[in-house]
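> Please find one structure pasted underneath; my questions will follow.
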Amino acid sequence: MSARREWKCAIRHCFVISITDWRHALGSAWPRGFMPDATFSAMRQSIIDGAPDTASGLAQQAVSSGIAPIDAINEGFVLGMHDVGDQFARGQMYLPDMMASAEAMRAAMAVLDPELKKLGTERPMAGVVVLGTTKGDIHEIGKILVGTLLTAHGFRVHDLGVDVAGKKFAAKAQELQADIVGVSALLTTTMRNQKSVVEAIEKAGLRPQVKIMVGGAPVTRRWAEEIGADGYAKDAMSAVDLARQLMEQKTRAAVAEPV
Amino acid sequence: MRIRPKFQLLDKPLLERILDEAFQLIEDPGVRVAPYVFELLRGAGITVEGGVAHIPEALAHRLLDLVPRGFCLYDRSGKPTVRYAGDDVHFDPGSSCLNILDPETQQPRPALSSDLVKMVQVAEMLPHFAAQSTAMVCNDVPQEISDWYRLLLVLWYSEKPVVTGAFSASSLHTLLELLAIESGGREALREHPRAVFDVCPSPPLNWSEFGSQNLVDLARAGVPAAEIVSMPLAGATAPVTLVGSIVQHAAECISGIVIHQLALPGSPIVWGGAPAIFDMRTGKTPMGAIETAMLDVGCAEVGKFLGLPTHAYMVAGDGRVIDAQVEMESGMSTVLGALAGINMISGAGMLDFLACHSVEKLVIDAEAIASAQRLIEGVDARTDSLAVAMFAQTGLQGDFLKLKETRALFRKEQHFPSAIIDRGLASMDGSSPDILQRARQRVEELLSAYERHPLPPNREEELIAFAQREAKDSGLEGLPEILRPEYVHETGLI
């Protein structure tokens, strides 16, 4: 993140802290658990600015103020991720901005997740995703970005890393009862191994319950269709949209299935 | 007195800084290497810890000094037609593409062996391509034999040198054997090397099992040369600055050369690459971006500074169809690569971020290559008087068309493109075909003029028998584009 963005963020943070200090000076005039809109806005902005220290500070502040962690997530930080997604789609933000925003989201969640657990609550989970880069390929930037955004959007993601064989995808999907398997490939030569992942999942008998999405620089919609994957995403944000669509398809199929 | 134009991106102080940092990188943090080369490196006094080699600068310098400053690739007749040295510039089609732009529909589809054969035949007919490449992965051939099958088809249909590469450590030996059979034995291949093998490090600073082993095995086979294709992606798998990525490229090349020269000192190796910027909006790696061309030129300049043979991946565009964008990008990088004096420039025919090949684009690119080749011929003072003597003959009437100098020199001064380039020549039927129609027509003309030159019968038989043995376990029937399955069944060849 640029120094300018961090500076702007710091000013906003100071503003929020000063409001809180003022509240303390008044002898906790605000009821515990009340969070002014300005704080939610600051949380949202800390994600847009990609400022992990600010986001973490605001999350800690929410905890010490007795704010329900789920409110801080849903009313503050997640809205920031949505803004980032929109701005990225409009070409106003770029991949390094998005990486910084995802980092800020991770910093906030590192504070809020343990609090959620203490309360015995969890964020509603959008789905379980097993991600990896295909056999023979060690590139993972795109995959990391997809994983980060999926996590930020409520998916539970297990990243298998790079150079992953089809069998390993299938085994992990079985172990975690995954909803979706995402397979990345950067090279035209390794892209062909995405097909072996589809085959391994079929062979393991998991195909009815596991959706498969593929991505990577040389991958196309046509290729996804050809190898029998359920979808192709051209970038990280569309991977989130695709994952949501696939989850809807799964839900519809489950409802339609006779008991 | 001929003056050849050149393009220089980096100056001497910057080149020295780049190399200084590259030497720092190979020592610390070092370079990740595969177990296959641990002992080789340790034997030379290199510390290898946790899979990371820390290469001292002094040793790297000593090994760089052993690399031949130039070498030749030979055509089938034994003529040296590609010279990897100095500022010699050659072009070959892009390689290992999975898709082809269908000649009829102009939509991408998986490439077949018949597509590769067509491309080889067209490239064979075009003098602009000094070498062939194993341009496509044939989707009608089982995946496990797809790398060497490409080379088999190229050797069957072409007499030109080949830029190729293996997809795995084990298949390299099959490719080498094919070359040896085609050349008439290992010794004949050693005397007249026909191919150069691309070997790729994985960015950043990682020689995987496959890459490490290929480097060592190629050197020890002592037959063809290795061509390092380092692929830093600026801003993603390499520093975002162009010079930062050039440093990484240099470190990857130097560490590859260290492995290769330790395996067999003095083996020919090429300082090559396919660097690209990383598009921060799409995550794509645009090969047609001007910054990618700048990276190519900068990386090659470092290799030239060290006196080594060079290679780059250019002449490719990123649009999905043959259009103004694709040809603008391809044309610009063609000219820059030629002006930079890069020995082998791969990439012609490719589009869509190297995901797709096109025979029609190949013939259009050949025209850009011809123009670039004309450009680097430069200007020449061919007459004692540059203009005054000719004016003395024509006076102010200026009727230069009649001068004997005009007739004697116009062919040297002007390049005449094929009918692909619209210079206002009327077509036979008076129509005005667009660029795609003209390209299709050119492809048809070249294919109908192509004539295959068979190998000596015993070598053809040996090549077929070897290919059949290698293909047997993959379940391939016949040899697509060489032997039809029904012929195989009739003759009992399998």
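Just remember, in the structure tokens the first chain shown is A, the second B, etc., residues are 1-based per chain, and ligands are 1-based in the order shown.
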Which residues of chain A have any atom within 6 Å of an atom in chain B when counting only C-alpha atoms, and what is the closest pair of atoms for each, with the distance in Å to one decimal? Order the rows by chain and rising number and write it as CSV.

residue,atom,partner,partner_atom,distance
A:Tyr94,CA,B:Arg281,CA,5.0
A:Leu95,CA,B:Met280,CA,5.0
A:Ala217,CA,B:Lys284,CA,5.7
A:Pro218,CA,B:Ala355,CA,5.6
> If you keep N, CA and C atoms, can you produce a file of those selected residues as a PDB file, in the first residue's frame?

ATOM      1  N   TYR A  94      -6.778  -2.544  -8.862  1.00  0.00           N
ATOM      2  CA  TYR A  94      -5.946  -3.513  -9.567  1.00  0.00           C
ATOM      3  C   TYR A  94      -5.574  -4.657  -8.621  1.00  0.00           C
ATOM      4  N   LEU A  95      -4.950  -5.673  -9.174  1.00  0.00           N
ATOM      5  CA  LEU A  95      -4.646  -6.861  -8.368  1.00  0.00           C
ATOM      6  C   LEU A  95      -3.811  -6.566  -7.111  1.00  0.00           C
ATOM      7  N   ALA A 217      -4.239 -18.652 -16.560  1.00  0.00           N
ATOM      8  CA  ALA A 217      -4.069 -17.804 -17.745  1.00  0.00           C
ATOM      9  C   ALA A 217      -4.503 -18.464 -19.060  1.00  0.00           C
ATOM     10  N   PRO A 218      -4.111 -19.729 -19.337  1.00  0.00           N
ATOM     11  CA  PRO A 218      -4.478 -20.263 -20.656  1.00  0.00           C
ATOM     12  C   PRO A 218      -5.868 -20.899 -20.702  1.00  0.00           C
TER      13      PRO A 218
END
> Can you pull out the residues contacting region 24-32 of chain B? Cut-off 12 Å, using only C-alpha atoms, and skip same-chain residues under 2 positions away; I want them as a PyMOL selection string.
chain B and resi 17-22+34-38+41+46-61+201-209+211-212+244+247-259
> When you count only C-alpha atoms, which of these residues is closest to Val229 (chain B): B:Arg190, B:Arg320, B:Arg438, B:His311?
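Nearest to Val229 (chain B): B:His311.
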> For the alpha helix (DSSP H) assignment from backbone DSSP, which residues of region 91-215 of chain B qualify? Please present them as a PDB file with N, CA and C atoms, in the first residue's frame.

ATOM      1  N   SER B 113      -2.763 -33.333 -35.121  1.00  0.00           N
ATOM      2  CA  SER B 113      -1.492 -33.568 -35.809  1.00  0.00           C
ATOM      3  C   SER B 113      -1.530 -33.015 -37.237  1.00  0.00           C
ATOM      4  N   SER B 114      -2.710 -33.039 -37.869  1.00  0.00           N
ATOM      5  CA  SER B 114      -2.806 -32.489 -39.226  1.00  0.00           C
ATOM      6  C   SER B 114      -2.544 -30.978 -39.225  1.00  0.00           C
ATOM      7  N   ASP B 115      -2.921 -30.289 -38.133  1.00  0.00           N
ATOM      8  CA  ASP B 115      -2.647 -28.847 -38.044  1.00  0.00           C
ATOM      9  C   ASP B 115      -1.151 -28.588 -37.942  1.00  0.00           C
ATOM     10  N   LEU B 116      -0.482 -29.418 -37.125  1.00  0.00           N
ATOM     11  CA  LEU B 116       0.969 -29.235 -36.975  1.00  0.00           C
ATOM     12  C   LEU B 116       1.668 -29.469 -38.314  1.00  0.00           C
ATOM     13  N   VAL B 117       1.233 -30.500 -39.019  1.00  0.00           N
ATOM     14  CA  VAL B 117       1.865 -30.793 -40.310  1.00  0.00           C
ATOM     15  C   VAL B 117       1.692 -29.611 -41.264  1.00  0.00           C
ATOM     16  N   LYS B 118       0.488 -29.059 -41.265  1.00  0.00           N
ATOM     17  CA  LYS B 118       0.221 -27.912 -42.150  1.00  0.00           C
ATOM     18  C   LYS B 118       1.151 -26.752 -41.796  1.00  0.00           C
ATOM     19  N   MET B 119       1.292 -26.506 -40.489  1.00  0.00           N
ATOM     20  CA  MET B 119       2.134 -25.383 -40.063  1.00  0.00           C
ATOM     21  C   MET B 119       3.601 -25.629 -40.427  1.00  0.00           C
ATOM     22  N   VAL B 120       4.046 -26.871 -40.246  1.00  0.00           N
ATOM     23  CA  VAL B 120       5.439 -27.204 -40.591  1.00  0.00           C
ATOM     24  C   VAL B 120       5.665 -27.004 -42.090  1.00  0.00           C
ATOM     25  N   GLN B 121       4.695 -27.440 -42.884  1.00  0.00           N
ATOM     26  CA  GLN B 121       4.852 -27.315 -44.337  1.00  0.00           C
ATOM     27  C   GLN B 121       4.889 -25.847 -44.770  1.00  0.00           C
ATOM     28  N   VAL B 122       4.022 -25.048 -44.162  1.00  0.00           N
ATOM     29  CA  VAL B 122       4.005 -23.619 -44.509  1.00  0.00           C
ATOM     30  C   VAL B 122       5.322 -22.965 -44.080  1.00  0.00           C
ATOM     31  N   ALA B 123       5.774 -23.260 -42.840  1.00  0.00           N
ATOM     32  CA  ALA B 123       7.030 -22.665 -42.353  1.00  0.00           C
ATOM     33  C   ALA B 123       8.220 -23.139 -43.189  1.00  0.00           C
ATOM     34  N   GLU B 124       8.112 -24.368 -43.700  1.00  0.00           N
ATOM     35  CA  GLU B 124       9.200 -24.911 -44.526  1.00  0.00           C
ATOM     36  C   GLU B 124       9.355 -24.092 -45.819  1.00  0.00           C
ATOM     37  N   MET B 125       8.211 -23.589 -46.304  1.00  0.00           N
ATOM     38  CA  MET B 125       8.213 -22.861 -47.570  1.00  0.00           C
ATOM     39  C   MET B 125       8.611 -21.393 -47.403  1.00  0.00           C
ATOM     40  N   SER B 146       2.942 -37.026 -26.301  1.00  0.00           N
ATOM     41  CA  SER B 146       2.673 -35.841 -27.124  1.00  0.00           C
ATOM     42  C   SER B 146       3.915 -34.999 -27.375  1.00  0.00           C
ATOM     43  N   ASP B 147       4.916 -35.024 -26.465  1.00  0.00           N
ATOM     44  CA  ASP B 147       6.065 -34.144 -26.727  1.00  0.00           C
ATOM     45  C   ASP B 147       6.935 -34.684 -27.865  1.00  0.00           C
ATOM     46  N   TRP B 148       7.269 -35.984 -27.819  1.00  0.00           N
ATOM     47  CA  TRP B 148       8.153 -36.474 -28.881  1.00  0.00           C
ATOM     48  C   TRP B 148       7.406 -36.643 -30.199  1.00  0.00           C
ATOM     49  N   TYR B 149       6.079 -36.828 -30.142  1.00  0.00           N
ATOM     50  CA  TYR B 149       5.353 -36.990 -31.414  1.00  0.00           C
ATOM     51  C   TYR B 149       5.432 -35.720 -32.263  1.00  0.00           C
ATOM     52  N   ARG B 150       5.450 -34.558 -31.569  1.00  0.00           N
ATOM     53  CA  ARG B 150       5.587 -33.284 -32.307  1.00  0.00           C
ATOM     54  C   ARG B 150       6.895 -33.287 -33.086  1.00  0.00           C
ATOM     55  N   LEU B 151       7.970 -33.736 -32.415  1.00  0.00           N
ATOM     56  CA  LEU B 151       9.282 -33.712 -33.069  1.00  0.00           C
ATOM     57  C   LEU B 151       9.322 -34.704 -34.232  1.00  0.00           C
ATOM     58  N   LEU B 152       8.679 -35.855 -34.038  1.00  0.00           N
ATOM     59  CA  LEU B 152       8.644 -36.843 -35.122  1.00  0.00           C
ATOM     60  C   LEU B 152       8.031 -36.211 -36.381  1.00  0.00           C
ATOM     61  N   LEU B 153       6.904 -35.516 -36.204  1.00  0.00           N
ATOM     62  CA  LEU B 153       6.244 -34.903 -37.366  1.00  0.00           C
ATOM     63  C   LEU B 153       7.129 -33.828 -37.998  1.00  0.00           C
ATOM     64  N   VAL B 154       7.785 -33.035 -37.173  1.00  0.00           N
ATOM     65  CA  VAL B 154       8.648 -31.977 -37.720  1.00  0.00           C
ATOM     66  C   VAL B 154       9.808 -32.598 -38.506  1.00  0.00           C
ATOM     67  N   LEU B 155      10.416 -33.632 -37.952  1.00  0.00           N
ATOM     68  CA  LEU B 155      11.543 -34.257 -38.650  1.00  0.00           C
ATOM     69  C   LEU B 155      11.091 -34.936 -39.944  1.00  0.00           C
ATOM     70  N   TRP B 156       9.848 -35.399 -39.939  1.00  0.00           N
ATOM     71  CA  TRP B 156       9.306 -36.099 -41.116  1.00  0.00           C
ATOM     72  C   TRP B 156       9.043 -35.125 -42.270  1.00  0.00           C
ATOM     73  N   TYR B 157       8.575 -33.925 -41.917  1.00  0.00           N
ATOM     74  CA  TYR B 157       8.125 -32.990 -42.954  1.00  0.00           C
ATOM     75  C   TYR B 157       9.070 -31.814 -43.194  1.00  0.00           C
ATOM     76  N   LEU B 172      12.897 -36.873 -22.668  1.00  0.00           N
ATOM     77  CA  LEU B 172      14.010 -36.216 -23.363  1.00  0.00           C
ATOM     78  C   LEU B 172      14.809 -37.226 -24.178  1.00  0.00           C
ATOM     79  N   HIS B 173      14.993 -38.417 -23.617  1.00  0.00           N
ATOM     80  CA  HIS B 173      15.822 -39.414 -24.295  1.00  0.00           C
ATOM     81  C   HIS B 173      15.155 -39.923 -25.572  1.00  0.00           C
ATOM     82  N   THR B 174      13.833 -39.951 -25.569  1.00  0.00           N
ATOM     83  CA  THR B 174      13.123 -40.343 -26.800  1.00  0.00           C
ATOM     84  C   THR B 174      13.326 -39.283 -27.878  1.00  0.00           C
ATOM     85  N   LEU B 175      13.245 -38.022 -27.484  1.00  0.00           N
ATOM     86  CA  LEU B 175      13.461 -36.942 -28.463  1.00  0.00           C
ATOM     87  C   LEU B 175      14.885 -36.997 -29.023  1.00  0.00           C
ATOM     88  N   LEU B 176      15.839 -37.246 -28.145  1.00  0.00           N
ATOM     89  CA  LEU B 176      17.233 -37.317 -28.593  1.00  0.00           C
ATOM     90  C   LEU B 176      17.436 -38.483 -29.559  1.00  0.00           C
ATOM     91  N   GLU B 177      16.772 -39.591 -29.277  1.00  0.00           N
ATOM     92  CA  GLU B 177      16.922 -40.766 -30.137  1.00  0.00           C
ATOM     93  C   GLU B 177      16.314 -40.492 -31.518  1.00  0.00           C
ATOM     94  N   LEU B 178      15.172 -39.821 -31.542  1.00  0.00           N
ATOM     95  CA  LEU B 178      14.552 -39.478 -32.833  1.00  0.00           C
ATOM     96  C   LEU B 178      15.523 -38.647 -33.676  1.00  0.00           C
ATOM     97  N   LEU B 179      16.159 -37.673 -33.029  1.00  0.00           N
ATOM     98  CA  LEU B 179      17.101 -36.810 -33.749  1.00  0.00           C
ATOM     99  C   LEU B 179      18.299 -37.616 -34.251  1.00  0.00           C
ATOM    100  N   ALA B 180      18.762 -38.528 -33.402  1.00  0.00           N
ATOM    101  CA  ALA B 180      19.930 -39.320 -33.788  1.00  0.00           C
ATOM    102  C   ALA B 180      19.610 -40.214 -34.987  1.00  0.00           C
ATOM    103  N   ILE B 181      18.427 -40.839 -34.962  1.00  0.00           N
ATOM    104  CA  ILE B 181      18.047 -41.708 -36.092  1.00  0.00           C
ATOM    105  C   ILE B 181      17.946 -40.875 -37.366  1.00  0.00           C
ATOM    106  N   GLU B 182      17.286 -39.717 -37.239  1.00  0.00           N
ATOM    107  CA  GLU B 182      17.082 -38.881 -38.427  1.00  0.00           C
ATOM    108  C   GLU B 182      18.409 -38.401 -39.005  1.00  0.00           C
ATOM    109  N   SER B 183      19.400 -38.179 -38.130  1.00  0.00           N
ATOM    110  CA  SER B 183      20.699 -37.667 -38.586  1.00  0.00           C
ATOM    111  C   SER B 183      21.638 -38.770 -39.056  1.00  0.00           C
ATOM    112  N   ARG B 186      24.311 -40.957 -33.546  1.00  0.00           N
ATOM    113  CA  ARG B 186      24.705 -39.948 -32.549  1.00  0.00           C
ATOM    114  C   ARG B 186      25.901 -39.117 -33.014  1.00  0.00           C
ATOM    115  N   GLU B 187      26.848 -39.797 -33.665  1.00  0.00           N
ATOM    116  CA  GLU B 187      28.056 -39.084 -34.088  1.00  0.00           C
ATOM    117  C   GLU B 187      27.715 -38.050 -35.161  1.00  0.00           C
ATOM    118  N   ALA B 188      26.851 -38.458 -36.092  1.00  0.00           N
ATOM    119  CA  ALA B 188      26.440 -37.526 -37.150  1.00  0.00           C
ATOM    120  C   ALA B 188      25.706 -36.333 -36.543  1.00  0.00           C
ATOM    121  N   LEU B 189      24.881 -36.616 -35.530  1.00  0.00           N
ATOM    122  CA  LEU B 189      24.142 -35.532 -34.872  1.00  0.00           C
ATOM    123  C   LEU B 189      25.097 -34.616 -34.111  1.00  0.00           C
ATOM    124  N   ARG B 190      26.124 -35.218 -33.514  1.00  0.00           N
ATOM    125  CA  ARG B 190      27.102 -34.417 -32.774  1.00  0.00           C
ATOM    126  C   ARG B 190      27.846 -33.479 -33.735  1.00  0.00           C
ATOM    127  N   GLU B 191      28.171 -33.998 -34.927  1.00  0.00           N
ATOM    128  CA  GLU B 191      28.901 -33.168 -35.897  1.00  0.00           C
ATOM    129  C   GLU B 191      28.027 -32.060 -36.467  1.00  0.00           C
ATOM    130  N   GLU B 209      12.970 -30.372 -10.603  1.00  0.00           N
ATOM    131  CA  GLU B 209      13.528 -31.685 -10.943  1.00  0.00           C
ATOM    132  C   GLU B 209      13.631 -31.831 -12.467  1.00  0.00           C
ATOM    133  N   PHE B 210      12.551 -31.464 -13.132  1.00  0.00           N
ATOM    134  CA  PHE B 210      12.463 -31.590 -14.581  1.00  0.00           C
ATOM    135  C   PHE B 210      13.498 -30.687 -15.260  1.00  0.00           C
ATOM    136  N   GLY B 211      13.551 -29.427 -14.836  1.00  0.00           N
ATOM    137  CA  GLY B 211      14.475 -28.473 -15.453  1.00  0.00           C
ATOM    138  C   GLY B 211      15.926 -28.842 -15.177  1.00  0.00           C
ATOM    139  N   SER B 212      16.231 -29.157 -13.910  1.00  0.00           N
ATOM    140  CA  SER B 212      17.605 -29.514 -13.532  1.00  0.00           C
ATOM    141  C   SER B 212      18.075 -30.724 -14.328  1.00  0.00           C
ATOM    142  N   GLN B 213      17.205 -31.735 -14.374  1.00  0.00           N
ATOM    143  CA  GLN B 213      17.595 -32.979 -15.035  1.00  0.00           C
ATOM    144  C   GLN B 213      17.795 -32.777 -16.533  1.00  0.00           C
ATOM    145  N   ASN B 214      16.902 -31.984 -17.137  1.00  0.00           N
ATOM    146  CA  ASN B 214      17.043 -31.710 -18.575  1.00  0.00           C
ATOM    147  C   ASN B 214      18.380 -31.032 -18.877  1.00  0.00           C
ATOM    148  N   LEU B 215      18.760 -30.071 -18.036  1.00  0.00           N
ATOM    149  CA  LEU B 215      20.030 -29.364 -18.263  1.00  0.00           C
ATOM    150  C   LEU B 215      21.208 -30.341 -18.236  1.00  0.00           C
TER     151      LEU B 215
END
> Show me, as a CSV table (one decimal) with C-alpha atoms, in the first residue's frame, the residues that have an atom within 6 Å of Ser56 (chain A) when counting only C-alpha atoms, minus same-chain residues fewer than 4 positions from it.

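The resulting part.csv:
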chain,number,residue,atom,x,y,z
A,52,PRO,CA,-3.9,-4.4,7.8
A,107,ALA,CA,-5.8,-9.2,9.8
A,108,ALA,CA,-9.3,-8.2,10.9
> Got a sec: who's within 9 Å of Gly182 (chain A), counting only C-alpha atoms, leaving out chain neighbours fewer than 5 positions off, as a list in words?
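The filter keeps Val129, Val130, Leu131, Gly132, Thr133, Lys143, Lys211, Ile212, Met213, Val214 and Gly215 of chain A.
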> Suppose we keep C-alpha atoms; can you now write the selection as a compact mmCIF listing (two decimals), in the first residue's frame?

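Done, and the output landed in again-v3.txt:
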# COMPACT_ATOMS: atom_id res chain seq x y z
CA VAL A 129 -13.54 -25.34 -1.20
CA VAL A 130 -10.41 -27.38 -1.90
CA LEU A 131 -7.96 -25.39 -4.02
CA GLY A 132 -4.69 -26.27 -5.70
CA THR A 133 -2.42 -25.82 -8.71
CA LYS A 143 -4.91 -19.48 -6.82
CA LYS A 211 -18.45 -29.14 -8.19
CA ILE A 212 -15.24 -28.47 -10.09
CA MET A 213 -14.08 -25.07 -11.23
CA VAL A 214 -10.95 -24.36 -13.27
CA GLY A 215 -8.91 -21.25 -13.92
> Record the distance separating CA of Ala254 (chain A) and CA of Gln209 (chain A), expressed in Å with one decimal.
9.4 Å
> Set the distance at 12 Å and use only C-alpha atoms: which residues neighbour Asp323 (chain B) once local chain neighbours fewer than 3 positions away are removed? I'd like the list as a ChimeraX atom specification.
/B:106,317-320,326-330,351-352,360-361,364,434-436
> Please produce a file of those selected residues containing C-alpha atoms, as a tab-separated table (two decimals), in the first residue's frame.

chain	number	residue	atom	x	y	z
B	106	GLN	CA	-11.32	-18.70	-37.16
B	317	GLY	CA	-0.05	-10.84	-30.09
B	318	ASP	CA	-2.71	-11.15	-27.41
B	319	GLY	CA	-6.02	-10.66	-29.22
B	320	ARG	CA	-8.16	-13.73	-29.77
B	326	VAL	CA	-2.70	-8.74	-32.78
B	327	GLU	CA	-0.76	-7.63	-35.82
B	328	MET	CA	0.20	-4.26	-34.33
B	329	GLU	CA	1.64	-6.03	-31.26
B	330	SER	CA	3.35	-8.71	-33.32
B	351	LEU	CA	-1.96	-15.13	-30.32
B	352	ASP	CA	-4.23	-15.07	-27.27
B	360	GLU	CA	-2.82	-17.60	-41.25
B	361	LYS	CA	-1.11	-15.43	-38.65
B	364	ILE	CA	1.22	-12.51	-41.97
B	434	ASP	CA	-9.22	-8.54	-46.77
B	435	ILE	CA	-6.08	-9.53	-44.85
B	436	LEU	CA	-7.55	-12.82	-43.67
> Tell me, as a PyMOL selection string, which residues lie within 10 Å of Asp65 (chain B), counting only C-alpha atoms; anything in the same chain fewer than 3 positions away does not count.
chain B and resi 59-62+68-69+261+265-266+306-308
> Write the selection just made, keeping C-alpha atoms, as a compact mmCIF listing (two decimals), in the first residue's frame?

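Heads up, here's the output in result-v2.txt:
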# COMPACT_ATOMS: atom_id res chain seq x y z
CA LEU B 59 32.72 -19.93 -9.68
CA ALA B 60 29.82 -18.66 -11.80
CA HIS B 61 32.23 -16.38 -13.69
CA ARG B 62 34.61 -19.26 -14.35
CA PRO B 68 30.89 -21.30 -26.39
CA ARG B 69 30.36 -17.78 -27.75
CA GLN B 261 28.58 -26.38 -17.53
CA PRO B 265 32.08 -27.94 -19.54
CA GLY B 266 32.01 -26.19 -22.89
CA LEU B 306 28.37 -11.59 -21.49
CA GLY B 307 29.09 -12.58 -25.10
CA LEU B 308 26.55 -15.45 -25.12
> For the structure I just gave you, how does DSSP split region 104-204 of chain B - specifically, which residues are strand (DSSP E)? Reply as a PDB file with N, CA and C atoms, in the first residue's frame.

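File written: out08.pdb
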ATOM      1  N   PRO B 108     -10.928 -20.757 -31.955  1.00  0.00           N
ATOM      2  CA  PRO B 108      -9.929 -21.677 -31.409  1.00  0.00           C
ATOM      3  C   PRO B 108     -10.512 -23.058 -31.170  1.00  0.00           C
ATOM      4  N   ARG B 109      -9.710 -24.073 -31.434  1.00  0.00           N
ATOM      5  CA  ARG B 109     -10.099 -25.460 -31.134  1.00  0.00           C
ATOM      6  C   ARG B 109      -8.809 -26.234 -30.840  1.00  0.00           C
ATOM      7  N   PRO B 110      -8.919 -27.398 -30.179  1.00  0.00           N
ATOM      8  CA  PRO B 110      -7.710 -28.167 -29.896  1.00  0.00           C
ATOM      9  C   PRO B 110      -6.951 -28.513 -31.180  1.00  0.00           C
ATOM     10  N   GLN B 132      12.383 -24.511 -37.682  1.00  0.00           N
ATOM     11  CA  GLN B 132      11.025 -24.945 -37.331  1.00  0.00           C
ATOM     12  C   GLN B 132      10.918 -24.961 -35.815  1.00  0.00           C
ATOM     13  N   SER B 133       9.688 -25.086 -35.321  1.00  0.00           N
ATOM     14  CA  SER B 133       9.533 -25.367 -33.889  1.00  0.00           C
ATOM     15  C   SER B 133       8.545 -26.519 -33.762  1.00  0.00           C
ATOM     16  N   VAL B 162      15.532 -27.299 -35.772  1.00  0.00           N
ATOM     17  CA  VAL B 162      14.312 -27.311 -34.958  1.00  0.00           C
ATOM     18  C   VAL B 162      14.581 -26.743 -33.570  1.00  0.00           C
ATOM     19  N   VAL B 163      13.651 -25.891 -33.106  1.00  0.00           N
ATOM     20  CA  VAL B 163      13.640 -25.480 -31.701  1.00  0.00           C
ATOM     21  C   VAL B 163      12.583 -26.348 -31.020  1.00  0.00           C
ATOM     22  N   THR B 164      13.007 -27.156 -30.054  1.00  0.00           N
ATOM     23  CA  THR B 164      12.065 -28.094 -29.447  1.00  0.00           C
ATOM     24  C   THR B 164      12.253 -28.140 -27.934  1.00  0.00           C
ATOM     25  N   ALA B 195      19.075 -29.555 -33.588  1.00  0.00           N
ATOM     26  CA  ALA B 195      18.026 -28.989 -32.719  1.00  0.00           C
ATOM     27  C   ALA B 195      18.604 -28.286 -31.508  1.00  0.00           C
ATOM     28  N   VAL B 196      17.804 -27.373 -30.983  1.00  0.00           N
ATOM     29  CA  VAL B 196      18.103 -26.765 -29.700  1.00  0.00           C
ATOM     30  C   VAL B 196      16.907 -27.059 -28.794  1.00  0.00           C
ATOM     31  N   PHE B 197      17.187 -27.349 -27.522  1.00  0.00           N
ATOM     32  CA  PHE B 197      16.123 -27.759 -26.593  1.00  0.00           C
ATOM     33  C   PHE B 197      15.840 -26.672 -25.563  1.00  0.00           C
ATOM     34  N   ASP B 198      14.609 -26.215 -25.531  1.00  0.00           N
ATOM     35  CA  ASP B 198      14.211 -25.241 -24.507  1.00  0.00           C
ATOM     36  C   ASP B 198      14.146 -25.926 -23.143  1.00  0.00           C
ATOM     37  N   VAL B 199      14.711 -25.267 -22.136  1.00  0.00           N
ATOM     38  CA  VAL B 199      14.647 -25.764 -20.754  1.00  0.00           C
ATOM     39  C   VAL B 199      14.250 -24.581 -19.872  1.00  0.00           C
TER      40      VAL B 199
END
> For region 405-413 of chain B, work out the shell of residues within 10 Å, counting only C-alpha atoms and skipping chain neighbours fewer than 6 positions away, then give it as a list in words.
Arg374, Glu377, Gly378, Val379, Asp380, Arg382, Thr383 and Met390 of chain B
